$ cat final.txt   # compact mmCIF, C-alpha atoms
# COMPACT_ATOMS: atom_id res chain seq x y z
CA MET B 398 0.00 0.00 0.00
CA GLY B 399 1.38 3.38 -0.95
CA ARG B 400 1.98 6.22 1.48
CA ARG B 401 -1.24 8.13 2.26
CA THR B 402 -1.26 11.71 0.98
CA ARG B 403 -2.47 14.28 3.56
CA LEU B 404 -5.39 16.48 2.58
CA ASN B 405 -5.18 20.25 2.63
CA GLY B 406 -5.68 21.58 6.13
CA GLU B 407 -4.68 18.38 7.93
CA GLY B 408 -1.26 19.76 8.88
CA THR B 409 2.05 17.96 9.10
CA VAL B 410 4.34 16.41 11.72
CA THR B 411 8.03 16.23 10.78
CA LEU B 412 11.34 15.49 12.46
CA ARG B 413 13.72 18.46 12.59
CA LYS B 414 17.50 18.31 12.29
CA ASP B 415 17.83 19.36 15.95
CA GLY B 416 15.96 16.22 17.02
CA ARG B 417 12.68 17.92 17.90
CA TRP B 418 9.36 17.16 16.21
CA GLU B 419 7.51 19.99 14.49
CA ALA B 420 3.73 20.15 14.02
CA ALA B 421 2.50 22.74 11.50
CA ALA B 422 -0.86 23.69 10.04
CA TYR B 423 -2.61 26.67 8.43
CA VAL B 424 -5.03 28.21 10.92
CA PRO B 425 -7.13 31.42 10.89
CA THR B 426 -5.72 34.51 12.63
CA SER B 427 -7.41 37.37 14.47
CA ALA B 428 -6.62 39.58 11.43
CA GLY B 429 -8.87 37.39 9.24
CA THR B 430 -6.03 35.70 7.34
CA LEU B 431 -4.54 32.19 7.32
CA LYS B 432 -1.16 31.66 8.93
CA ARG B 433 1.08 28.60 9.12
CA LYS B 434 1.40 27.96 12.85
CA ARG B 435 4.17 25.75 14.22
CA GLN B 436 4.34 23.85 17.51
CA TYR B 437 7.20 21.71 18.80
CA GLY B 438 7.56 18.56 20.90
CA ARG B 439 10.27 16.24 22.15
CA THR B 440 8.41 13.24 20.69
CA ARG B 441 6.18 12.69 17.69
CA ALA B 442 3.23 11.98 19.96
CA GLU B 443 3.70 15.28 21.81
CA ALA B 444 3.92 17.26 18.56
CA TYR B 445 0.90 15.43 17.12
CA ALA B 446 -1.17 16.23 20.23
CA LYS B 447 -0.37 19.92 19.75
CA LEU B 448 -1.37 19.66 16.08
CA VAL B 449 -4.72 18.12 17.02
CA LYS B 450 -5.32 20.91 19.56
CA MET B 451 -4.50 23.61 16.95
CA LEU B 452 -6.91 22.09 14.42
CA GLU B 453 -9.66 21.66 17.03
CA GLN B 454 -9.44 25.35 17.92
CA ALA B 455 -9.49 26.27 14.21
CA ASN B 456 -12.59 24.11 13.65
CA ARG B 457 -14.30 25.83 16.59
CA GLY B 458 -13.63 29.23 14.98
CA ILE B 459 -11.02 30.30 17.55
CA PRO B 460 -8.29 32.24 15.70
CA VAL B 461 -4.66 32.57 16.72
CA ALA B 462 -3.06 35.96 17.26
CA ASP B 463 -1.79 37.56 14.07
CA LYS B 464 1.12 38.95 16.12
CA SER B 465 3.26 37.25 18.74
CA TRP B 466 3.00 39.45 21.84
CA THR B 467 4.95 39.32 25.07
CA VAL B 468 2.91 39.98 28.19
CA GLY B 469 4.74 43.29 28.66
CA GLU B 470 4.05 44.45 25.09
CA TYR B 471 0.39 43.65 25.41
CA LEU B 472 0.02 45.31 28.83
CA ARG B 473 1.54 48.54 27.48
CA TYR B 474 -0.81 48.43 24.49
CA TRP B 475 -3.79 47.74 26.77
CA ILE B 476 -3.00 50.64 29.10
CA GLU B 477 -2.56 53.11 26.23
CA HIS B 478 -5.41 52.10 23.92
CA VAL B 479 -8.02 50.52 26.20
CA VAL B 480 -7.65 51.77 29.77
CA THR B 481 -6.60 55.41 29.29
CA PRO B 482 -9.48 56.45 26.96
CA ARG B 483 -12.18 54.76 29.05
CA ARG B 484 -11.21 54.97 32.71
CA ARG B 485 -11.00 57.74 35.29
CA PRO B 486 -7.52 59.31 35.73
CA LYS B 487 -7.07 57.82 39.20
CA THR B 488 -7.92 54.34 37.89
CA VAL B 489 -5.49 54.75 34.98
CA LEU B 490 -2.75 55.74 37.45
CA ALA B 491 -3.41 52.68 39.64
CA TYR B 492 -3.46 50.30 36.65
CA GLU B 493 -0.34 51.83 35.08
CA SER B 494 1.55 51.59 38.38
CA ALA B 495 0.61 47.92 38.82
CA VAL B 496 1.77 47.16 35.26
CA ARG B 497 5.02 49.17 35.46
CA LEU B 498 6.14 48.21 38.96
CA TYR B 499 5.05 44.60 39.24
CA LEU B 500 3.61 42.86 36.16
CA ILE B 501 6.23 43.84 33.56
CA PRO B 502 9.26 43.19 35.83
CA LEU B 503 7.91 39.78 36.93
CA ILE B 504 6.21 38.30 33.84
CA GLY B 505 6.70 40.90 31.10
CA ASN B 506 9.02 38.68 29.00
CA LYS B 507 6.66 35.70 28.83
CA ARG B 508 4.80 35.01 25.60
CA LEU B 509 1.19 36.09 25.95
CA GLU B 510 -0.28 32.99 24.29
CA ARG B 511 1.85 30.70 26.48
CA LEU B 512 0.93 32.27 29.82
CA ALA B 513 -0.45 29.48 32.03
CA PRO B 514 -2.21 29.29 35.43
CA LYS B 515 1.04 28.10 37.02
CA ASP B 516 2.69 31.35 35.85
CA VAL B 517 -0.02 33.38 37.58
CA LEU B 518 0.38 31.33 40.76
CA ALA B 519 4.13 31.93 40.67
CA LEU B 520 3.48 35.65 40.12
CA LEU B 521 1.28 35.85 43.23
CA GLY B 522 3.94 34.09 45.28
CA ARG B 523 6.63 36.51 44.12
CA LEU B 524 4.35 39.50 44.74
CA ARG B 525 3.95 38.46 48.38
CA GLN B 526 7.74 38.34 48.77
CA VAL B 527 8.78 41.40 46.76
CA CYS B 528 10.42 44.23 48.67
CA LEU B 529 8.70 47.58 48.18
CA CYS B 530 12.00 49.49 48.21
CA CYS B 531 13.31 47.35 45.35
CA ALA B 532 10.06 47.29 43.35
CA ARG B 533 9.53 51.05 43.59
CA LYS B 534 13.24 51.91 43.37
CA LEU B 535 12.96 53.97 46.55
CA ASP B 536 16.63 53.59 47.45
CA ALA B 537 17.63 55.49 44.31
CA ARG B 538 15.86 58.57 45.72
CA ARG B 539 17.32 58.29 49.22
CA ALA B 540 20.53 59.50 50.76
CA GLU B 541 23.09 56.70 51.04
CA GLU B 542 22.98 56.64 54.83
CA VAL B 543 19.26 55.76 54.87
CA GLN B 544 19.27 53.27 52.02
CA CYS B 545 18.36 49.72 52.97
CA CYS B 546 18.27 47.07 50.24
CA SER B 547 21.19 48.45 48.25
CA ARG B 548 23.30 48.16 51.42
CA GLY B 549 22.23 44.57 52.08
CA LYS B 550 19.70 45.39 54.80
CA CYS B 551 16.21 44.69 53.46
CA CYS B 552 13.50 46.76 55.11
CA ASP B 553 11.06 43.81 54.89
CA ARG B 554 8.27 46.05 53.65
CA ARG B 555 5.95 43.83 51.60
CA LEU B 556 2.89 44.41 49.46
CA SER B 557 -0.41 44.41 51.32
CA VAL B 558 -3.02 41.76 50.63
CA ARG B 559 -5.10 44.45 48.94
CA MET B 560 -2.22 45.41 46.62
CA VAL B 561 -1.60 41.79 45.61
CA GLN B 562 -5.32 41.49 44.85
CA LEU B 563 -5.19 44.69 42.78
CA VAL B 564 -2.24 43.50 40.67
CA HIS B 565 -4.03 40.20 40.03
CA ALA B 566 -7.20 42.10 39.07
CA VAL B 567 -5.27 44.29 36.61
CA LEU B 568 -3.80 41.19 34.94
CA ARG B 569 -7.22 39.52 34.87
CA ASN B 570 -8.82 42.56 33.23
CA ALA B 571 -6.03 42.83 30.65
CA LEU B 572 -6.27 39.14 29.73
CA GLN B 573 -10.05 39.38 29.45
CA ASN B 574 -9.57 42.12 26.87
CA ALA B 575 -7.05 39.89 25.08
CA VAL B 576 -9.73 37.17 24.94
CA ARG B 577 -12.18 39.64 23.39
CA GLU B 578 -9.55 40.62 20.83
CA GLU B 579 -9.01 36.89 20.14
CA LEU B 580 -5.32 37.07 21.04
CA VAL B 581 -5.65 34.27 23.61
CA SER B 582 -8.27 31.53 23.89
CA ARG B 583 -8.79 31.76 27.67
CA ASN B 584 -8.16 34.04 30.63
CA VAL B 585 -5.69 32.09 32.78
CA ALA B 586 -5.83 34.69 35.58
CA LYS B 587 -9.50 33.81 36.12
CA LEU B 588 -8.48 30.25 36.91
CA VAL B 589 -6.38 31.37 39.88
CA GLN B 590 -8.01 32.56 43.08
CA VAL B 591 -6.38 35.23 45.18
CA GLU B 592 -6.89 36.00 48.84
CA GLY B 593 -8.98 39.09 49.49
CA PRO B 594 -8.30 41.60 52.28
CA ASN B 595 -10.33 41.83 55.46
CA TYR B 596 -11.54 45.41 55.44
CA ALA B 597 -11.74 47.16 58.76
CA ARG B 598 -15.07 48.86 59.26
CA GLY B 599 -14.93 52.61 59.36
CA LYS B 600 -15.94 54.35 62.57
CA GLY B 601 -19.06 56.45 62.58
CA LEU B 602 -19.70 59.46 64.77
CA ASP B 603 -22.69 59.24 67.09
CA PRO B 604 -25.25 62.12 67.05
CA VAL B 605 -23.59 63.87 70.02
CA GLN B 606 -20.14 63.78 68.41
CA ALA B 607 -21.56 65.00 65.09
CA ARG B 608 -23.32 67.97 66.72
CA GLU B 609 -20.23 68.90 68.74
CA LEU B 610 -18.08 68.82 65.61
CA LEU B 611 -20.41 71.20 63.78
CA VAL B 612 -20.51 73.53 66.79
CA ILE B 613 -16.70 73.75 66.74
CA LEU B 614 -16.73 74.56 63.01
CA ARG B 615 -19.72 76.94 63.05
CA ASN B 616 -17.73 80.11 62.35
CA GLU B 617 -15.12 78.65 60.00
CA ARG B 618 -14.88 78.97 56.19
CA LEU B 619 -15.33 75.24 55.61
CA TYR B 620 -18.34 74.82 57.89
CA ALA B 621 -20.68 74.10 54.96
CA LEU B 622 -18.28 71.48 53.59
CA TYR B 623 -18.30 69.52 56.85
CA LEU B 624 -22.07 69.95 57.14
CA LEU B 625 -22.62 68.43 53.69
CA ALA B 626 -20.23 65.57 54.48
CA LEU B 627 -22.17 64.72 57.64
CA THR B 628 -25.71 65.31 56.37
CA LEU B 629 -25.49 64.32 52.68
CA GLY B 630 -22.65 61.81 52.78
CA LEU B 631 -20.66 63.39 49.94
CA ARG B 632 -17.19 62.00 49.34
CA LYS B 633 -14.13 64.23 49.77
CA GLY B 634 -13.54 64.53 46.01
CA GLU B 635 -17.23 65.25 45.38
CA LEU B 636 -17.23 68.07 47.93
CA LEU B 637 -14.07 69.66 46.57
CA GLY B 638 -15.25 69.25 42.96
CA LEU B 639 -18.68 70.78 43.64
CA GLN B 640 -19.35 73.88 41.55
CA TRP B 641 -22.04 76.52 41.87
CA ASP B 642 -23.65 75.57 38.54
CA ALA B 643 -24.50 72.20 40.13
CA VAL B 644 -26.27 73.85 43.08
CA ASP B 645 -29.82 75.23 42.81
CA LEU B 646 -30.57 77.03 46.06
CA ASP B 647 -34.02 78.13 44.89
CA LYS B 648 -35.16 74.56 44.19
CA GLY B 649 -33.10 73.20 47.07
CA GLU B 650 -31.13 70.66 45.00
CA LEU B 651 -27.52 69.69 44.51
CA THR B 652 -26.18 67.56 41.63
CA VAL B 653 -22.99 65.53 41.96
CA ARG B 654 -21.22 65.71 38.57
CA ARG B 655 -17.48 66.02 39.20
CA SER B 656 -14.82 64.87 41.64
CA LEU B 657 -11.59 66.75 42.35
CA GLN B 658 -8.49 64.56 42.69
CA ARG B 659 -4.74 64.98 42.79
CA ILE B 660 -3.16 62.92 39.99
CA ASN B 661 0.59 62.96 39.33
CA GLY B 662 1.00 66.16 41.29
CA GLU B 663 -1.85 68.03 39.56
CA LEU B 664 -5.46 68.74 40.52
CA VAL B 665 -7.78 66.99 38.09
CA SER B 666 -11.55 67.33 37.80
CA ALA B 667 -12.93 63.93 36.80
CA ALA B 668 -16.23 62.07 36.66
CA PRO B 669 -17.37 60.68 40.03
CA LYS B 670 -16.44 57.20 41.22
CA THR B 671 -19.18 55.21 39.44
CA ARG B 672 -22.29 55.93 37.36
CA TYR B 673 -24.30 55.60 40.57
CA SER B 674 -22.31 58.51 41.98
CA LEU B 675 -23.90 60.83 39.41
CA ARG B 676 -26.95 61.87 41.40
CA THR B 677 -29.20 64.76 42.38
CA ILE B 678 -29.79 65.25 46.10
CA PRO B 679 -32.53 67.41 47.66
CA LEU B 680 -31.13 69.90 50.17
CA PRO B 681 -32.58 70.22 53.68
CA ALA B 682 -33.29 73.77 54.81
CA PHE B 683 -30.22 73.90 57.08
CA ALA B 684 -27.99 72.88 54.14
CA VAL B 685 -29.49 75.63 51.96
CA ASP B 686 -28.81 78.16 54.73
CA ALA B 687 -25.20 76.99 55.07
CA LEU B 688 -24.60 77.21 51.31
CA CYS B 689 -26.15 80.69 51.16
CA LEU B 690 -23.77 81.77 53.91
CA ARG B 691 -20.88 80.16 52.01
CA ARG B 692 -21.79 82.12 48.88
CA GLN B 693 -21.84 85.39 50.84
CA GLN B 694 -18.42 84.58 52.31
CA GLN B 695 -17.05 83.86 48.84
CA GLN B 696 -18.41 87.13 47.46
CA GLN B 697 -16.67 89.01 50.27
CA GLU B 698 -13.41 87.17 49.51
CA ARG B 699 -13.79 87.97 45.82
CA GLY B 700 -14.21 91.66 46.66
CA ALA B 701 -11.12 91.61 48.87
CA CYS B 702 -8.99 90.00 46.12
CA GLY B 703 -10.18 92.21 43.28
CA ASP B 704 -8.41 91.39 40.01
CA GLU B 705 -6.35 88.67 41.68
CA TRP B 706 -9.43 86.49 42.27
CA LEU B 707 -9.24 83.11 40.52
CA ASP B 708 -12.77 82.32 39.36
CA SER B 709 -12.75 78.50 39.42
CA GLY B 710 -16.51 78.22 39.92
CA HIS B 711 -16.07 75.90 42.90
CA VAL B 712 -18.20 76.16 46.01
CA PHE B 713 -15.31 75.47 48.36
CA THR B 714 -12.22 77.48 47.50
CA THR B 715 -9.16 79.09 49.01
CA VAL B 716 -9.29 82.78 49.94
CA VAL B 717 -8.14 83.64 46.39
CA GLY B 718 -10.75 81.47 44.61
CA SER B 719 -8.68 78.43 43.62
CA PRO B 720 -9.95 74.90 44.39
CA VAL B 721 -9.06 73.43 47.78
CA ASP B 722 -6.32 70.82 47.49
CA PRO B 723 -7.38 67.44 48.98
CA ARG B 724 -4.13 67.36 50.96
CA ASN B 725 -4.91 70.75 52.53
CA LEU B 726 -8.37 69.50 53.51
CA ASN B 727 -6.68 66.52 55.17
CA ARG B 728 -4.48 68.90 57.15
CA HIS B 729 -7.54 70.94 58.20
CA TRP B 730 -9.30 67.75 59.27
CA TYR B 731 -6.34 66.55 61.38
CA ALA B 732 -6.33 69.82 63.30
CA THR B 733 -10.14 69.83 63.61
CA ARG B 734 -10.45 66.27 64.88
CA LYS B 735 -7.83 66.99 67.54
CA ARG B 736 -9.89 69.95 68.78
CA ALA B 737 -13.03 67.80 68.74
CA GLY B 738 -11.42 64.85 70.53
CA LEU B 739 -11.86 62.59 67.49
CA ASP B 740 -8.30 61.29 67.14
CA GLY B 741 -8.17 58.24 64.91
CA TYR B 742 -11.20 59.23 62.84
CA ARG B 743 -10.73 59.74 59.09
CA PHE B 744 -12.49 62.43 57.07
CA HIS B 745 -14.21 59.58 55.19
CA ASP B 746 -15.75 58.49 58.51
CA LEU B 747 -18.07 61.50 58.24
CA ARG B 748 -19.63 59.68 55.27
CA HIS B 749 -19.84 56.52 57.37
CA SER B 750 -21.60 58.56 60.03
CA PHE B 751 -24.18 59.88 57.56
CA VAL B 752 -25.16 56.40 56.36
CA SER B 753 -25.26 54.93 59.86
CA LEU B 754 -27.33 57.78 61.28
CA LEU B 755 -29.92 57.53 58.48
CA LEU B 756 -30.22 53.76 58.89
CA ASP B 757 -30.56 54.20 62.67
CA LEU B 758 -33.45 56.61 62.02
CA GLY B 759 -35.23 53.87 60.09
CA VAL B 760 -34.72 55.28 56.59
CA ALA B 761 -35.14 52.56 53.94
CA PRO B 762 -31.73 51.20 52.84
CA HIS B 763 -32.44 51.71 49.13
CA ILE B 764 -33.06 55.42 49.75
CA VAL B 765 -29.83 55.73 51.75
CA ARG B 766 -28.01 53.98 48.92
CA GLU B 767 -29.30 56.46 46.32
CA ILE B 768 -28.38 59.49 48.40
CA ALA B 769 -24.91 58.13 49.16
CA GLY B 770 -24.33 57.04 45.55
CA HIS B 771 -23.37 53.44 46.34
CA SER B 772 -23.21 51.00 43.44
CA ASP B 773 -24.45 48.09 45.57
CA LEU B 774 -26.91 47.89 48.44
CA GLN B 775 -24.56 45.44 50.19
CA VAL B 776 -22.01 48.25 50.47
CA THR B 777 -24.59 50.39 52.25
CA LEU B 778 -25.56 47.65 54.66
CA GLY B 779 -22.31 45.72 55.02
CA VAL B 780 -19.60 48.37 55.10
CA TYR B 781 -21.17 51.63 56.25
CA ALA B 782 -23.85 50.53 58.71
CA HIS B 783 -22.73 50.56 62.34
CA ALA B 784 -24.89 49.44 65.25
CA SER B 785 -24.01 50.66 68.74
CA THR B 786 -23.99 48.38 71.77
CA ASP B 787 -27.09 50.12 73.11
CA GLU B 788 -28.95 49.50 69.84
CA LYS B 789 -27.97 45.82 69.89
CA ARG B 790 -29.12 45.51 73.51
CA LYS B 791 -32.43 47.18 72.62
CA ALA B 792 -32.98 44.80 69.69
CA LEU B 793 -32.24 41.71 71.80
CA THR B 794 -34.46 43.01 74.60
CA GLN B 795 -37.35 43.23 72.12
CA LEU B 796 -36.61 39.69 70.99
CA SER B 797 -36.60 38.39 74.56
CA LYS B 798 -40.26 39.44 74.93
CA LEU B 799 -41.17 36.55 72.63
CA PHE B 800 -39.86 34.05 75.15
CA GLN B 801 -41.41 35.51 78.32
$ encode --input "final.txt" --output "structure tokens"
Amino acid sequence: MGRRTRLNGEGTVTLRKDGRWEAAAYVPTSAGTLKRKRQYGRTRAEAYAKLVKMLEQANRGIPVADKSWTVGEYLRYWIEHVVTPRRRPKTVLAYESAVRLYLIPLIGNKRLERLAPKDVLALLGRLRQVCLCCARKLDARRAEEVQCCSRGKCCDRRLSVRMVQLVHAVLRNALQNAVREELVSRNVAKLVQVEGPNYARGKGLDPVQARELLVILRNERLYALYLLALTLGLRKGELLGLQWDAVDLDKGELTVRRSLQRINGELVSAAPKTRYSLRTIPLPAFAVDALCLRRQQQQQERGACGDEWLDSGHVFTTVVGSPVDPRNLNRHWYATRKRAGLDGYRFHDLRHSFVSLLLDLGVAPHIVREIAGHSDLQVTLGVYAHASTDEKRKALTQLSKLFQ
């Protein structure tokens, strides 16, 4: 019997001069063309198995990449062409930092199509061991006498659980986009679980503490800012990004449209955190009064500055009209909390207080969620709600009546 002739598209398996076996076949690419793809094995059986897998994927309509990417090349492309045009500046900064500091140094040279779950597992292990001074090149910016790793004395500062989770999430999102672009057939990062952090619950002020704080701030320029944080639950960036064209004092409404953030050393006005953060909030009478007073104060400051006034349009400004830097608000809060006996409380805990106080008053959780701009009701109930010991005792006392 003569040697069987292979049909077009069946592929070939041949022995190379270097002793390896080569499997080759024409398969469709993501560019819509056919490309001769080669795979190699130490034995004929191994090469043939790879040929069968290639042809199975081709028959299922799964194309191969028209370009051979390294993980690093693809991550740079993804950041520039996918993340930057679509994400908020702060998100872009976080993703770019994860790619530049951790993903490219650790797995950047691997072939994208050959990345396997074991590579992701190894990445997570290395992330948990990496020294922050080395990864961020901190020693290069320090005086020699305070350097650590470059002098053989590692500082033992490691990535937090949250940071390891973030780096894994960035890789997972990038690979998912590669799947959509048909550059890889599966997202190997999805196959690897990563430990999540245990978030500490924020502390909420009780009604007495909240009232005392507002009394202390009554005659200060930023009184209205703190009032809105406590009574409307606005985030720091939302308060600092609030402009007068988003406030209607006649109708008693405020619309959250922008958030002020510091990105790469510059103040940037960006869209709020999520689409749920874009919201219109009715203003209680006391909030309208506080904002009217704030507008009068600003008009007086404008008159005092004259031509030097910087008309930024923001509700909360410096004495010359420029937006308030988030770092300066932090400094103001540190001094204020010390005066109020609230050491250890964060500015963000004012938002926690707002949610907790509304829930304690019996306001429906879905209404609290809409006012606060949470994307998920579980965030409202699970992260921001705080029950005091007295409230727990009262609830259990009511329950005990059933057994009397």
$ residues_around --input "final.txt" --residues "B:Gln526" --least-positions-apart "4" --cutoff "9 Å" --atoms "all atoms listed in the file" --output "list in words"
Leu521, Gly522, Asp553, Arg555 and Leu556 of chain B
$ residues_near_point --input "final.txt" --point "(-23.1, 50.8, 43.3)" --cutoff "8 Å" --atoms "all atoms listed in the file" --output "ChimeraX atom specification"
/B:671-674,770-774,776
$ residues_around --input "final.txt" --residues "B:Phe744" --least-positions-apart "4" --cutoff "9 Å" --atoms "only C-alpha atoms" --output "number ranges by chain"
B: 626, 633, 726-727, 730-731, 734, 748
$ residues_around --input "final.txt" --residues "B:Val567" --least-positions-apart "5" --cutoff "10 Å" --atoms "all atoms listed in the file" --output "ChimeraX atom specification"
/B:472,491-493,495-496,500,562,572-573,586
$ write_last_selection --input "final.txt" --atoms "C-alpha atoms" --output "PDB file, in the frame of the given file"
ATOM      1  CA  LEU B 472       0.020  45.310  28.830  1.00  0.00           C
ATOM      2  CA  ALA B 491      -3.410  52.680  39.640  1.00  0.00           C
ATOM      3  CA  TYR B 492      -3.460  50.300  36.650  1.00  0.00           C
ATOM      4  CA  GLU B 493      -0.340  51.830  35.080  1.00  0.00           C
ATOM      5  CA  ALA B 495       0.610  47.920  38.820  1.00  0.00           C
ATOM      6  CA  VAL B 496       1.770  47.160  35.260  1.00  0.00           C
ATOM      7  CA  LEU B 500       3.610  42.860  36.160  1.00  0.00           C
ATOM      8  CA  GLN B 562      -5.320  41.490  44.850  1.00  0.00           C
ATOM      9  CA  LEU B 572      -6.270  39.140  29.730  1.00  0.00           C
ATOM     10  CA  GLN B 573     -10.050  39.380  29.450  1.00  0.00           C
ATOM     11  CA  ALA B 586      -5.830  34.690  35.580  1.00  0.00           C
TER      12      ALA B 586
END
$ closest_residue --input "final.txt" --among "B:Ala643, B:Leu624, B:Leu512, B:Leu739" --to "B:Asn584" --atoms "only C-alpha atoms"
B:Leu512
$ atom_distance --input "final.txt" --atom1 "atom CA of B:Pro669" --atom2 "atom CA of B:Arg654"
6.5 Å
$ atom_distance --input "final.txt" --atom1 "atom CA of B:Gln695" --atom2 "atom CA of B:Arg659"
23.3 Å
$ closest_atom_pairs --input "final.txt" --of "stretch 570-680 of chain B" --to "stretch 442-457 of chain B" --cutoff "12 Å" --atoms "only C-alpha atoms" --output "JSON lines"
{"residue": "B:Glu579", "atom": "CA", "partner": "B:Gln454", "partner_atom": "CA", "distance": 11.8}
{"residue": "B:Val581", "atom": "CA", "partner": "B:Gln454", "partner_atom": "CA", "distance": 11.2}
{"residue": "B:Ser582", "atom": "CA", "partner": "B:Gln454", "partner_atom": "CA", "distance": 8.7}
{"residue": "B:Arg583", "atom": "CA", "partner": "B:Gln454", "partner_atom": "CA", "distance": 11.7}
$ atom_distance --input "final.txt" --atom1 "atom CA of B:Ser656" --atom2 "atom CA of B:Val612"
27.2 Å
$ residues_around --input "final.txt" --residues "B:Thr411" --least-positions-apart "4" --cutoff "12 Å" --atoms "only C-alpha atoms" --output "list in words"
Asp415, Gly416, Arg417, Trp418, Glu419, Ala420, Ala421, Ala422, Arg435, Gln436, Tyr437, Gly438, Arg439, Thr440, Arg441, Ala442, Glu443, Ala444, Tyr445 and Leu448 of chain B
$ axis_aligned_box --input "final.txt" --around "stretch 716-722 of chain B" --padding-each-side "6 Å" --output "JSON"
{"center_x": -8.5, "center_y": 77.2, "center_z": 46.8, "size_x": 16.4, "size_y": 24.8, "size_z": 18.3}
